[in-house]
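Everything below belongs to structure19.txt, which stores compact mmCIF, C-alpha atoms and all ligand atoms.
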# COMPACT_ATOMS: atom_id res chain seq x y z
CA MET A 35 -15.01 28.66 0.86
CA ASN A 36 -16.17 25.59 2.75
CA LYS A 37 -15.11 22.94 0.29
CA ASN A 38 -13.29 19.96 1.68
CA ILE A 39 -12.30 17.54 -1.04
CA TYR A 40 -9.97 14.81 0.07
CA LEU A 41 -7.88 13.30 -2.71
CA ASP A 42 -5.14 11.71 -0.61
CA HIS A 43 -6.55 8.26 0.12
CA ALA A 44 -3.20 6.64 -0.64
CA ALA A 45 -1.82 8.48 2.41
CA THR A 46 -4.66 7.42 4.67
CA THR A 47 -8.43 6.99 4.77
CA TYR A 48 -11.08 7.82 7.35
CA VAL A 49 -12.56 4.99 9.43
CA LYS A 50 -15.93 3.91 8.05
CA LYS A 51 -18.92 4.20 10.36
CA GLU A 52 -19.64 0.46 10.16
CA VAL A 53 -16.03 -0.24 11.14
CA LEU A 54 -16.03 2.23 14.01
CA ASN A 55 -19.32 0.85 15.35
CA GLU A 56 -17.84 -2.64 15.61
CA MET A 57 -14.69 -1.33 17.27
CA MET A 58 -16.28 0.87 19.94
CA PRO A 59 -17.30 -1.73 22.57
CA TYR A 60 -13.75 -3.11 22.68
CA PHE A 61 -12.34 0.16 24.04
CA SER A 62 -14.41 0.06 27.22
CA LYS A 63 -17.14 -2.46 28.04
CA LYS A 64 -15.48 -5.43 26.35
CA PHE A 65 -11.94 -4.69 27.48
CA GLY A 66 -10.78 -8.20 28.42
CA ASN A 67 -7.38 -9.62 27.61
CA PRO A 68 -7.81 -12.29 24.90
CA SER A 69 -5.36 -14.52 26.79
CA ALA A 70 -7.50 -14.55 29.95
CA ILE A 71 -9.55 -17.68 30.61
CA TYR A 72 -12.70 -16.00 32.03
CA LYS A 73 -15.65 -14.85 29.90
CA LEU A 74 -14.42 -11.30 29.25
CA GLY A 75 -11.15 -12.65 27.89
CA ASP A 76 -12.71 -15.51 26.00
CA GLU A 77 -15.09 -13.20 24.17
CA ASN A 78 -12.16 -11.14 23.01
CA LYS A 79 -10.22 -14.17 21.91
CA ASN A 80 -13.22 -15.13 19.78
CA ILE A 81 -13.54 -11.66 18.30
CA VAL A 82 -9.83 -11.59 17.39
CA ASN A 83 -10.28 -14.96 15.71
CA LEU A 84 -13.31 -13.66 13.82
CA ALA A 85 -11.24 -10.72 12.56
CA ARG A 86 -8.49 -13.14 11.53
CA GLU A 87 -11.05 -15.20 9.62
CA ARG A 88 -12.38 -12.10 7.88
CA VAL A 89 -8.91 -11.02 6.75
CA ALA A 90 -8.12 -14.57 5.66
CA ARG A 91 -11.38 -14.88 3.71
CA ALA A 92 -10.73 -11.62 1.85
CA LEU A 93 -7.33 -12.92 0.69
CA ASN A 94 -8.27 -16.60 0.28
CA ALA A 95 -5.77 -17.53 3.01
CA LYS A 96 -6.15 -19.76 6.05
CA PRO A 97 -6.82 -17.90 9.32
CA THR A 98 -3.64 -19.46 10.75
CA GLU A 99 -1.69 -17.73 7.98
CA ILE A 100 -2.74 -14.22 9.11
CA TYR A 101 -0.62 -12.42 11.74
CA PHE A 102 -1.70 -9.05 13.10
CA THR A 103 1.01 -6.40 13.33
CA GLY A 104 1.23 -2.75 14.37
CA CYS A 105 1.21 -1.33 10.82
CA GLY A 106 2.20 -1.99 7.23
CA SER A 107 5.76 -0.90 7.98
CA GLU A 108 6.00 -3.53 10.70
CA SER A 109 4.74 -6.23 8.33
CA ASP A 110 7.37 -5.23 5.77
CA ASN A 111 10.14 -5.18 8.38
CA TRP A 112 9.09 -8.58 9.66
CA ALA A 113 8.98 -10.20 6.22
CA LEU A 114 12.45 -9.03 5.30
CA LYS A 115 14.28 -9.42 8.61
CA GLY A 116 12.35 -12.56 9.56
CA ILE A 117 13.29 -14.38 6.35
CA ALA A 118 16.86 -13.03 6.40
CA PHE A 119 17.52 -14.16 9.97
CA ALA A 120 15.87 -17.57 9.66
CA ASN A 121 17.50 -18.48 6.34
CA LYS A 122 20.98 -16.99 6.63
CA ASP A 123 22.50 -20.45 6.50
CA LYS A 124 21.09 -20.89 2.99
CA GLY A 125 22.27 -17.54 1.65
CA ASN A 126 22.54 -13.80 2.18
CA HIS A 127 21.15 -12.39 -1.05
CA ILE A 128 17.86 -10.50 -1.27
CA ILE A 129 16.28 -8.98 -4.37
CA THR A 130 13.96 -5.99 -4.23
CA THR A 131 13.24 -2.93 -6.39
CA CYS A 132 14.39 0.69 -6.32
CA ILE A 133 10.79 1.97 -6.06
CA GLU A 134 9.76 0.27 -2.80
CA HIS A 135 8.35 2.11 0.20
CA ALA A 136 10.84 3.26 2.85
CA ALA A 137 9.71 0.39 5.12
CA ILE A 138 11.34 -2.01 2.65
CA LEU A 139 14.27 0.15 1.55
CA LYS A 140 15.34 1.03 5.10
CA SER A 141 15.01 -2.61 6.21
CA CYS A 142 17.27 -3.53 3.29
CA GLU A 143 19.82 -0.87 4.32
CA PHE A 144 19.78 -2.32 7.82
CA LEU A 145 20.29 -5.85 6.52
CA GLU A 146 23.14 -4.66 4.31
CA LYS A 147 24.91 -3.43 7.44
CA LEU A 148 24.57 -6.94 8.85
CA GLY A 149 26.27 -8.44 5.82
CA PHE A 150 23.29 -9.25 3.58
CA GLU A 151 23.64 -8.44 -0.09
CA ILE A 152 20.74 -6.57 -1.67
CA THR A 153 20.01 -6.19 -5.38
CA TYR A 154 17.70 -3.31 -6.30
CA LEU A 155 15.93 -4.02 -9.61
CA SER A 156 15.41 -1.09 -11.95
CA VAL A 157 12.01 -0.26 -13.46
CA ASP A 158 10.92 0.93 -16.91
CA LYS A 159 9.38 4.33 -17.62
CA TYR A 160 6.03 3.11 -16.25
CA GLY A 161 7.52 1.73 -13.05
CA ARG A 162 7.36 -1.98 -13.99
CA ILE A 163 10.20 -4.36 -13.27
CA ASP A 164 11.75 -6.49 -16.03
CA LEU A 165 11.22 -10.21 -15.41
CA ASP A 166 14.37 -11.12 -17.38
CA GLU A 167 16.43 -8.78 -15.20
CA LEU A 168 14.91 -10.51 -12.18
CA LYS A 169 15.80 -13.98 -13.54
CA ASN A 170 19.37 -12.86 -14.32
CA THR A 171 19.82 -11.47 -10.81
CA ILE A 172 18.95 -14.70 -9.02
CA LYS A 173 21.94 -16.54 -7.57
CA GLU A 174 22.63 -19.63 -5.48
CA THR A 175 22.57 -17.43 -2.37
CA THR A 176 19.23 -15.70 -3.07
CA ILE A 177 16.81 -16.33 -0.22
CA LEU A 178 14.12 -13.70 -0.77
CA ILE A 179 12.49 -11.58 -3.46
CA SER A 180 10.39 -8.63 -2.27
CA VAL A 181 8.51 -6.64 -4.89
CA MET A 182 5.63 -4.33 -4.10
CA PHE A 183 2.18 -5.17 -5.45
CA ALA A 184 1.44 -1.60 -6.47
CA ASN A 185 3.44 1.58 -6.08
CA ASN A 186 2.20 4.19 -3.63
CA GLU A 187 3.20 7.20 -5.76
CA ILE A 188 2.45 6.28 -9.36
CA GLY A 189 0.01 3.41 -8.75
CA THR A 190 1.75 1.01 -11.16
CA ILE A 191 0.89 -2.64 -10.54
CA GLU A 192 3.78 -5.11 -10.75
CA PRO A 193 3.58 -8.59 -12.38
CA VAL A 194 3.20 -10.29 -8.99
CA LYS A 195 1.96 -13.66 -10.24
CA GLU A 196 4.84 -14.00 -12.70
CA ILE A 197 7.38 -13.01 -10.02
CA ALA A 198 5.90 -15.58 -7.63
CA GLN A 199 6.26 -18.24 -10.33
CA ILE A 200 9.93 -17.36 -10.90
CA ALA A 201 10.60 -17.39 -7.15
CA LYS A 202 8.92 -20.78 -6.82
CA GLU A 203 10.94 -22.29 -9.67
CA HIS A 204 14.12 -21.25 -7.85
CA ASN A 205 12.90 -22.22 -4.39
CA ILE A 206 13.15 -18.62 -3.13
CA TYR A 207 10.68 -16.93 -0.80
CA PHE A 208 8.57 -14.15 -2.30
CA HIS A 209 7.11 -11.26 -0.32
CA THR A 210 4.90 -8.51 -1.71
CA ASP A 211 4.13 -5.20 -0.03
CA ALA A 212 0.44 -4.94 -0.89
CA VAL A 213 -0.32 -2.04 1.47
CA GLN A 214 -1.68 0.09 -1.41
CA ALA A 215 -3.36 -2.77 -3.21
CA VAL A 216 -5.37 -4.54 -0.51
CA GLY A 217 -8.95 -3.26 -0.61
CA ASN A 218 -8.37 -1.69 -4.05
CA VAL A 219 -7.50 -4.80 -6.06
CA LYS A 220 -8.90 -8.33 -5.76
CA ILE A 221 -6.21 -10.49 -4.19
CA ASP A 222 -6.09 -14.26 -3.91
CA VAL A 223 -2.81 -15.27 -2.25
CA LYS A 224 -3.16 -18.90 -3.35
CA GLU A 225 -3.77 -18.03 -6.97
CA LEU A 226 -0.94 -15.49 -6.93
CA GLY A 227 1.41 -17.94 -5.26
CA VAL A 228 3.00 -15.41 -2.88
CA ASP A 229 4.65 -16.56 0.37
CA MET A 230 4.13 -13.32 2.31
CA LEU A 231 1.96 -10.27 1.81
CA SER A 232 1.83 -7.03 3.86
CA LEU A 233 -1.29 -4.94 4.39
CA SER A 234 -2.36 -1.99 6.51
CA GLY A 235 -5.70 -0.97 8.07
CA HIS A 236 -5.63 2.75 7.43
CA LYS A 237 -5.46 2.43 3.65
CA LEU A 238 -8.81 0.64 3.46
CA TYR A 239 -11.11 2.63 5.77
CA GLY A 240 -9.89 0.86 8.87
CA PRO A 241 -7.95 2.30 11.81
CA LYS A 242 -4.34 3.45 11.84
CA GLY A 243 -1.74 1.49 13.78
CA ILE A 244 -2.89 -1.96 12.68
CA GLY A 245 -1.58 -4.15 9.90
CA ALA A 246 -1.22 -7.78 9.03
CA LEU A 247 1.27 -10.09 7.40
CA TYR A 248 0.08 -13.12 5.47
CA ILE A 249 2.66 -15.85 5.95
CA LYS A 250 2.08 -19.01 3.94
CA GLU A 251 2.01 -22.14 6.03
CA GLY A 252 5.44 -23.75 6.27
CA THR A 253 7.42 -20.54 5.68
CA ASN A 254 10.65 -20.47 7.66
CA ILE A 255 10.50 -17.03 9.30
CA GLU A 256 12.04 -15.72 12.53
CA LYS A 257 9.75 -14.36 15.26
CA LEU A 258 9.25 -10.62 15.22
CA ILE A 259 8.67 -9.75 18.87
CA HIS A 260 9.78 -12.15 21.57
CA GLY A 261 7.53 -12.49 24.61
CA GLY A 262 4.12 -14.08 25.17
CA GLY A 263 2.41 -16.57 22.89
CA GLN A 264 0.21 -14.15 20.93
CA GLU A 265 -0.06 -14.40 17.15
CA LEU A 266 0.76 -18.10 17.20
CA GLY A 267 3.88 -17.35 19.24
CA LYS A 268 5.46 -15.30 16.46
CA ARG A 269 4.59 -11.73 17.44
CA ALA A 270 4.22 -11.19 21.17
CA GLY A 271 2.22 -8.43 22.86
CA THR A 272 -1.34 -8.17 24.15
CA GLU A 273 -3.55 -7.80 21.10
CA ASN A 274 -4.83 -4.39 20.00
CA VAL A 275 -8.37 -5.78 20.03
CA PRO A 276 -10.36 -2.70 18.88
CA SER A 277 -8.04 -2.15 15.91
CA ILE A 278 -7.95 -5.84 15.02
CA VAL A 279 -11.76 -5.82 15.02
CA GLY A 280 -11.63 -2.69 12.84
CA LEU A 281 -9.22 -4.24 10.36
CA GLY A 282 -11.32 -7.39 10.07
CA LYS A 283 -14.48 -5.39 9.42
CA ALA A 284 -12.74 -3.03 6.97
CA MET A 285 -11.48 -6.01 4.97
CA GLU A 286 -14.91 -7.59 4.91
CA ILE A 287 -16.54 -4.36 3.70
CA ALA A 288 -13.82 -3.63 1.12
CA TYR A 289 -14.51 -6.90 -0.69
CA ARG A 290 -18.26 -6.98 -0.02
CA ASP A 291 -18.60 -3.62 -1.80
CA PHE A 292 -15.68 -4.12 -4.17
CA ASP A 293 -17.42 -4.22 -7.55
CA LYS A 294 -19.61 -1.19 -6.88
CA ASN A 295 -16.78 0.98 -5.51
CA ASN A 296 -14.21 -0.20 -7.99
CA SER A 297 -16.23 0.69 -11.06
CA LYS A 298 -17.15 4.07 -9.58
CA ILE A 299 -13.56 4.98 -8.71
CA LEU A 300 -12.24 3.71 -12.03
CA ALA A 301 -14.74 5.85 -13.92
CA LEU A 302 -13.77 8.91 -11.86
CA ARG A 303 -10.07 8.27 -12.46
CA GLU A 304 -10.59 7.97 -16.20
CA TYR A 305 -12.64 11.16 -16.23
CA PHE A 306 -9.99 13.01 -14.17
CA ILE A 307 -7.11 11.90 -16.41
CA THR A 308 -8.92 12.58 -19.67
CA GLU A 309 -10.07 16.01 -18.55
CA VAL A 310 -6.64 17.08 -17.24
CA GLU A 311 -5.09 16.05 -20.56
CA ARG A 312 -7.84 17.86 -22.48
CA ARG A 313 -7.88 21.08 -20.47
CA ILE A 314 -4.27 21.62 -19.41
CA PRO A 315 -1.45 21.68 -21.97
CA ASP A 316 2.00 20.21 -21.35
CA VAL A 317 1.13 17.64 -18.68
CA LYS A 318 2.50 14.13 -18.26
CA LEU A 319 0.70 11.22 -16.64
CA ASN A 320 3.17 9.23 -14.53
CA GLY A 321 2.77 5.49 -14.09
CA HIS A 322 1.18 2.91 -16.35
CA ARG A 323 -1.96 3.98 -18.19
CA GLU A 324 -3.92 0.75 -17.48
CA LEU A 325 -1.89 -1.34 -15.05
CA ARG A 326 -2.42 1.06 -12.17
CA LEU A 327 -4.39 1.29 -8.95
CA PRO A 328 -7.97 2.32 -9.63
CA GLY A 329 -7.76 5.49 -7.54
CA ASN A 330 -4.27 6.70 -8.48
CA ILE A 331 -3.55 9.74 -10.61
CA ASN A 332 -0.06 11.23 -10.82
CA PHE A 333 0.65 14.14 -13.14
CA SER A 334 3.65 16.36 -13.86
CA PHE A 335 2.60 19.92 -14.72
CA ASN A 336 5.56 21.20 -16.72
CA GLY A 337 6.92 24.55 -15.49
CA VAL A 338 4.90 24.51 -12.27
CA ASP A 339 6.26 24.13 -8.75
CA GLY A 340 4.30 21.21 -7.31
CA GLY A 341 4.65 22.46 -3.72
CA THR A 342 3.13 25.83 -4.61
CA LEU A 343 0.36 24.20 -6.60
CA LEU A 344 -0.39 21.94 -3.65
CA GLU A 345 -0.69 24.99 -1.38
CA MET A 346 -3.01 26.69 -3.88
CA LEU A 347 -5.22 23.61 -3.98
CA ASN A 348 -5.17 23.51 -0.19
CA LEU A 349 -6.45 27.11 -0.09
CA HIS A 350 -9.40 25.88 -2.16
CA GLY A 351 -10.09 23.02 0.23
CA ILE A 352 -8.45 20.31 -1.88
CA SER A 353 -6.07 17.81 -0.25
CA ALA A 354 -3.60 16.07 -2.54
CA SER A 355 0.02 15.04 -2.26
CA SER A 356 3.32 15.90 -3.89
CA GLY A 357 4.79 12.44 -3.38
CA SER A 358 4.43 9.55 -0.99
CA ALA A 359 2.84 10.51 2.35
CA CYS A 360 5.92 9.69 4.35
CA SER A 361 8.01 12.13 2.36
CA ALA A 362 5.38 14.83 1.87
CA ARG A 363 7.38 17.32 3.95
CA ASN A 364 10.67 16.10 2.63
CA VAL A 365 12.15 18.21 -0.15
CA LYS A 366 14.24 15.36 -1.56
CA PRO A 367 13.01 14.47 -5.06
CA SER A 368 10.91 11.31 -5.09
CA HIS A 369 13.02 8.19 -5.62
CA VAL A 370 10.13 6.62 -7.54
CA LEU A 371 9.80 9.44 -10.06
CA LYS A 372 13.58 9.45 -10.43
CA ALA A 373 13.57 5.71 -11.08
CA ILE A 374 11.08 6.10 -13.95
CA GLY A 375 13.46 8.57 -15.55
CA LEU A 376 12.04 12.00 -14.68
CA ASP A 377 14.45 14.91 -14.27
CA ASP A 378 14.45 16.98 -11.07
CA ASN A 379 12.30 19.80 -12.47
CA THR A 380 9.66 17.40 -13.75
CA ILE A 381 9.69 15.60 -10.40
CA LYS A 382 9.13 18.90 -8.59
CA SER A 383 6.15 19.62 -10.82
CA SER A 384 4.38 16.36 -9.97
CA LEU A 385 1.28 15.84 -7.85
CA ARG A 386 -0.54 12.71 -6.76
CA PHE A 387 -4.32 12.61 -6.45
CA SER A 388 -5.73 9.45 -4.90
CA LEU A 389 -9.47 8.88 -5.08
CA GLY A 390 -11.73 7.25 -2.54
CA VAL A 391 -15.26 5.95 -2.17
CA GLU A 392 -16.77 9.24 -1.02
CA ASN A 393 -15.52 11.28 -4.00
CA THR A 394 -18.12 12.35 -6.57
CA LYS A 395 -18.06 13.64 -10.13
CA GLY A 396 -19.02 17.03 -8.68
CA ASP A 397 -15.83 16.95 -6.55
CA ILE A 398 -13.73 16.14 -9.58
CA ASP A 399 -15.33 18.88 -11.69
CA TYR A 400 -14.54 21.39 -8.94
CA VAL A 401 -10.93 20.16 -8.66
CA LEU A 402 -10.47 20.29 -12.43
CA THR A 403 -11.67 23.89 -12.59
CA ILE A 404 -9.32 24.98 -9.79
CA LEU A 405 -6.42 22.97 -11.18
CA GLU A 406 -6.78 24.46 -14.64
CA LYS A 407 -6.94 28.00 -13.20
CA GLU A 408 -4.02 27.61 -10.79
CA VAL A 409 -1.71 25.86 -13.26
CA TYR A 410 -2.39 28.66 -15.74
CA LYS A 411 -1.68 31.32 -13.10
CA LEU A 412 1.54 29.68 -11.87
CA ARG A 413 2.84 29.24 -15.39
CA LYS A 414 2.33 32.96 -16.06
CA ILE A 415 4.44 33.99 -13.05
N1 LIG A 501 4.07 0.19 2.06
C1 LIG A 501 3.45 1.04 1.21
C2 LIG A 501 3.46 0.73 -0.26
C3 LIG A 501 2.80 2.18 1.70
O1 LIG A 501 2.20 2.99 0.86
C4 LIG A 501 2.82 2.43 3.09
C5 LIG A 501 2.20 3.64 3.63
O2 LIG A 501 2.06 4.65 2.97
C6 LIG A 501 3.46 1.49 3.93
C7 LIG A 501 4.08 0.39 3.38
C8 LIG A 501 3.49 1.68 5.40
O3 LIG A 501 2.24 1.42 5.97
P1 LIG A 501 1.93 1.94 7.46
O4 LIG A 501 1.65 3.41 7.31
O5 LIG A 501 0.74 1.18 7.90
O6 LIG A 501 3.13 1.68 8.26

What is this file in structure tokens?
Amino acid sequence: MNKNIYLDHAATTYVKKEVLNEMMPYFSKKFGNPSAIYKLGDENKNIVNLARERVARALNAKPTEIYFTGCGSESDNWALKGIAFANKDKGNHIITTCIEHAAILKSCEFLEKLGFEITYLSVDKYGRIDLDELKNTIKETTILISVMFANNEIGTIEPVKEIAQIAKEHNIYFHTDAVQAVGNVKIDVKELGVDMLSLSGHKLYGPKGIGALYIKEGTNIEKLIHGGGQELGKRAGTENVPSIVGLGKAMEIAYRDFDKNNSKILALREYFITEVERRIPDVKLNGHRELRLPGNINFSFNGVDGGTLLEMLNLHGISASSGSACSARNVKPSHVLKAIGLDDNTIKSSLRFSLGVENTKGDIDYVLTILEKEVYKLRKI
């Protein structure tokens, strides 16, 4: 058995050849510090600026509104703590949701310890927030709303534009964690009206350990790392030039090839979902049927232990996930599946499959055959 079918793109992706090729010279030959004034440094300053332009272009932002960070988690931490610290004179109330990634939830816990008040919005059975609940939660002291663009486990896409409008009407900053969405959904920060948006390189065929935060011009946000003047003086540290180059290229490619890849992945997702529902009885699709990330599939297989099923798939060369990547080895039931109302047994029977550009219909047919067989076997035990 030599099959190797990767269906965990929401956890991470490989680095595309085109991306890697652009990165390579900056590890060795072109190693200069972008802050240096001689040619080797200057060239790297220009290449960092080019990457910033590429990221900005993909999001319809200005290059000066793009700040490179060490990862998506760092971008999330910065948005929350940076707004909290800089605006504490205006208020101490932050609104988020109960289905956010740990990078948001743990930042909120930290801020709570410092005296900030956090409201966690509930979600409906599909994982969508209620805009009326959001409006009713806003107070005089609310300084920030942070709602993810799309959920990493169930793929549900939140009403980001509507939330941004509500935030604007109340003069409150709005941040969205778009780590799962960038590269997979067309995003125009101006049209959406968001103030901050987090993204991460390794979810869009770029390198790991690089992210960015879009910060709308004029946003009152505290610096993240104090030190040198890098990242417009807001996030110090000598730039990770190869990874910045990689992120810029990955963003450019993601939107250059968007239409082709998007329609392919969407068709595969629809085929996968329809066939699972046709071939395997007693399954439940988690997340919204249409308002979901193109590559996300999350099913509960009633009566089956998801961990065992995952191991069986692994033995057949199939990589999937039983929850979000960061909690894959954590036995605690997923907070997202709990929030959409699933009981513990149903949560334990759930698997996430996340599709990527290299997947083919042949891959999916193979996975469906194995899945059908293994679910049947496990239910018999
Ligand atoms: N936010 C979401 C929604 C994610 O899915 C992830 C990673 O899985 C992150 C943030 C963290 O990104 P990074 O791994 O780059 O820190």

- request: Considering only C-alpha atoms, state which residue in the set A:Val401, A:Val317, A:Ile152, A:Ala215 is at the smallest distance from Thr380 in chain A.
  value: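 Looking at the shortest contact to Thr380 in chain A, the residue is A:Val317.
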
field: Test item: residues lying within 8 Å of ligand LIG 501 (chain A) with all atoms listed in the file, as number ranges by chain
entry: A: 44-46, 104-108, 110, 134-138, 182-187, 211-214, 232-237, 242-245, 358-360

- prompt: How many Å separate CA of Val370 in chain A from CA of Phe208 in chain A?
  reply: 21.5 Å

- request: Please indicate the distance in Å from CA of Trp112 in chain A to CA of Phe292 in chain A, rounded to one decimal place.
  value: 28.7 Å

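Residue nearest Ile331 in chain A, chosen from A:Arg386, A:Arg162, A:Arg313, A:Lys414 and counting only C-alpha atoms: A:Arg386.
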
message: One number please: CA of Ile404 in chain A to CA of Lys318 in chain A, in Å, one decimal.
response: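 It comes out at 18.1 Å.
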
Which of A:Pro97, A:Gly217, A:Gly267, A:Pro59 sits closest to Leu327 in chain A [using all atoms listed in the file]: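 Distance minimum relative to Leu327 in chain A lands on A:Gly217.
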
field: Spatial neighbours of Pro193 in chain A, max dist 10 Å, all atoms listed in the file, sep filter under 2 positions, as a VMD selection string
entry: chain A and resid 162 to 165 181 to 184 190 to 191 195 to 198 226 325

message: Restricting the calculation to all atoms listed in the file: of A:Gly351, A:Gly341, A:Gly329, A:Gly375, which residue gets closest to Val409 in chain A?
response: A:Gly341

Top pick for closest residue to Thr210 in chain A, considering A:Thr153, A:Ser277, A:Ser353, A:Asn111 and counting only C-alpha atoms: A:Asn111

message: I want to know what sits within 10 Å of Ile81 in chain A, based on all atoms listed in the file, with residues of the same chain fewer than 2 positions away left out; could you give that as a PyMOL selection string?
response: chain A and resi 60+68+75-79+83-87+275-276+278-279+282

- prompt: Hey, can you pull every residue with an atom no more than 10 Å from (-2.2, 8.3, -15.3), using only C-alpha atoms, and send it as a list in words?
  reply: Tyr160, Ile188, Gly189, Thr190, Arg303, Glu304, Phe306, Ile307, Thr308, Glu311, Lys318, Leu319, Asn320, Gly321, His322, Arg323, Glu324, Leu325, Arg326, Leu327, Gly329, Asn330, Ile331, Asn332, Phe333 and Arg386 of chain A

field: Selection near Glu52 in chain A, 10 Å with all atoms listed in the file, sequence-local residues under 5 positions removed, as a ChimeraX atom specification
entry: /A:57,239-240,280,283-284,287

query: Between A:Ala90, A:Met58, A:Ala354, A:Leu302, which has the minimum distance to Glu392 in chain A (counting all atoms listed in the file)?
result: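 Checking each candidate against Glu392 in chain A, we get A:Leu302 as the closest.
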
message: Please return as a VMD selection string every residue within 8 Å of (17.2, 6.2, -6.4), taking into account all atoms listed in the file and the file's own coordinates.
response: chain A and resid 132 to 133 369 to 370 372 to 373

Can you check which parts of range 111-223 of chain A lie within 10 Å of range 249-256 of chain A? Per residue, the shortest pair of atoms and distance in Å to one decimal, counting only C-alpha atoms, sorted by chain and number, as JSON lines.
{"residue": "A:Trp112", "atom": "CA", "partner": "A:Glu256", "partner_atom": "CA", "distance": 8.2}
{"residue": "A:Ala113", "atom": "CA", "partner": "A:Ile255", "partner_atom": "CA", "distance": 7.6}
{"residue": "A:Leu114", "atom": "CA", "partner": "A:Ile255", "partner_atom": "CA", "distance": 9.2}
{"residue": "A:Lys115", "atom": "CA", "partner": "A:Glu256", "partner_atom": "CA", "distance": 7.8}
{"residue": "A:Gly116", "atom": "CA", "partner": "A:Glu256", "partner_atom": "CA", "distance": 4.3}
{"residue": "A:Ile117", "atom": "CA", "partner": "A:Ile255", "partner_atom": "CA", "distance": 4.8}
{"residue": "A:Ala118", "atom": "CA", "partner": "A:Ile255", "partner_atom": "CA", "distance": 8.1}
{"residue": "A:Phe119", "atom": "CA", "partner": "A:Glu256", "partner_atom": "CA", "distance": 6.2}
{"residue": "A:Ala120", "atom": "CA", "partner": "A:Glu256", "partner_atom": "CA", "distance": 5.1}
{"residue": "A:Asn121", "atom": "CA", "partner": "A:Asn254", "partner_atom": "CA", "distance": 7.3}
{"residue": "A:Tyr207", "atom": "CA", "partner": "A:Thr253", "partner_atom": "CA", "distance": 8.1}
{"residue": "A:His209", "atom": "CA", "partner": "A:Ile249", "partner_atom": "CA", "distance": 9.0}
{"residue": "A:Val223", "atom": "CA", "partner": "A:Lys250", "partner_atom": "CA", "distance": 8.7}

- prompt: Using all atoms listed in the file, which residues sit within 9 Å of Gly261 in chain A once same-chain residues fewer than 5 positions away are excluded, as a ChimeraX atom specification?
  reply: /A:267-271

Could you save the residues just selected, with C-alpha atoms, as a CSV table (one decimal), in the coordinates of the input?
chain,number,residue,atom,x,y,z
A,267,GLY,CA,3.9,-17.4,19.2
A,268,LYS,CA,5.5,-15.3,16.5
A,269,ARG,CA,4.6,-11.7,17.4
A,270,ALA,CA,4.2,-11.2,21.2
A,271,GLY,CA,2.2,-8.4,22.9
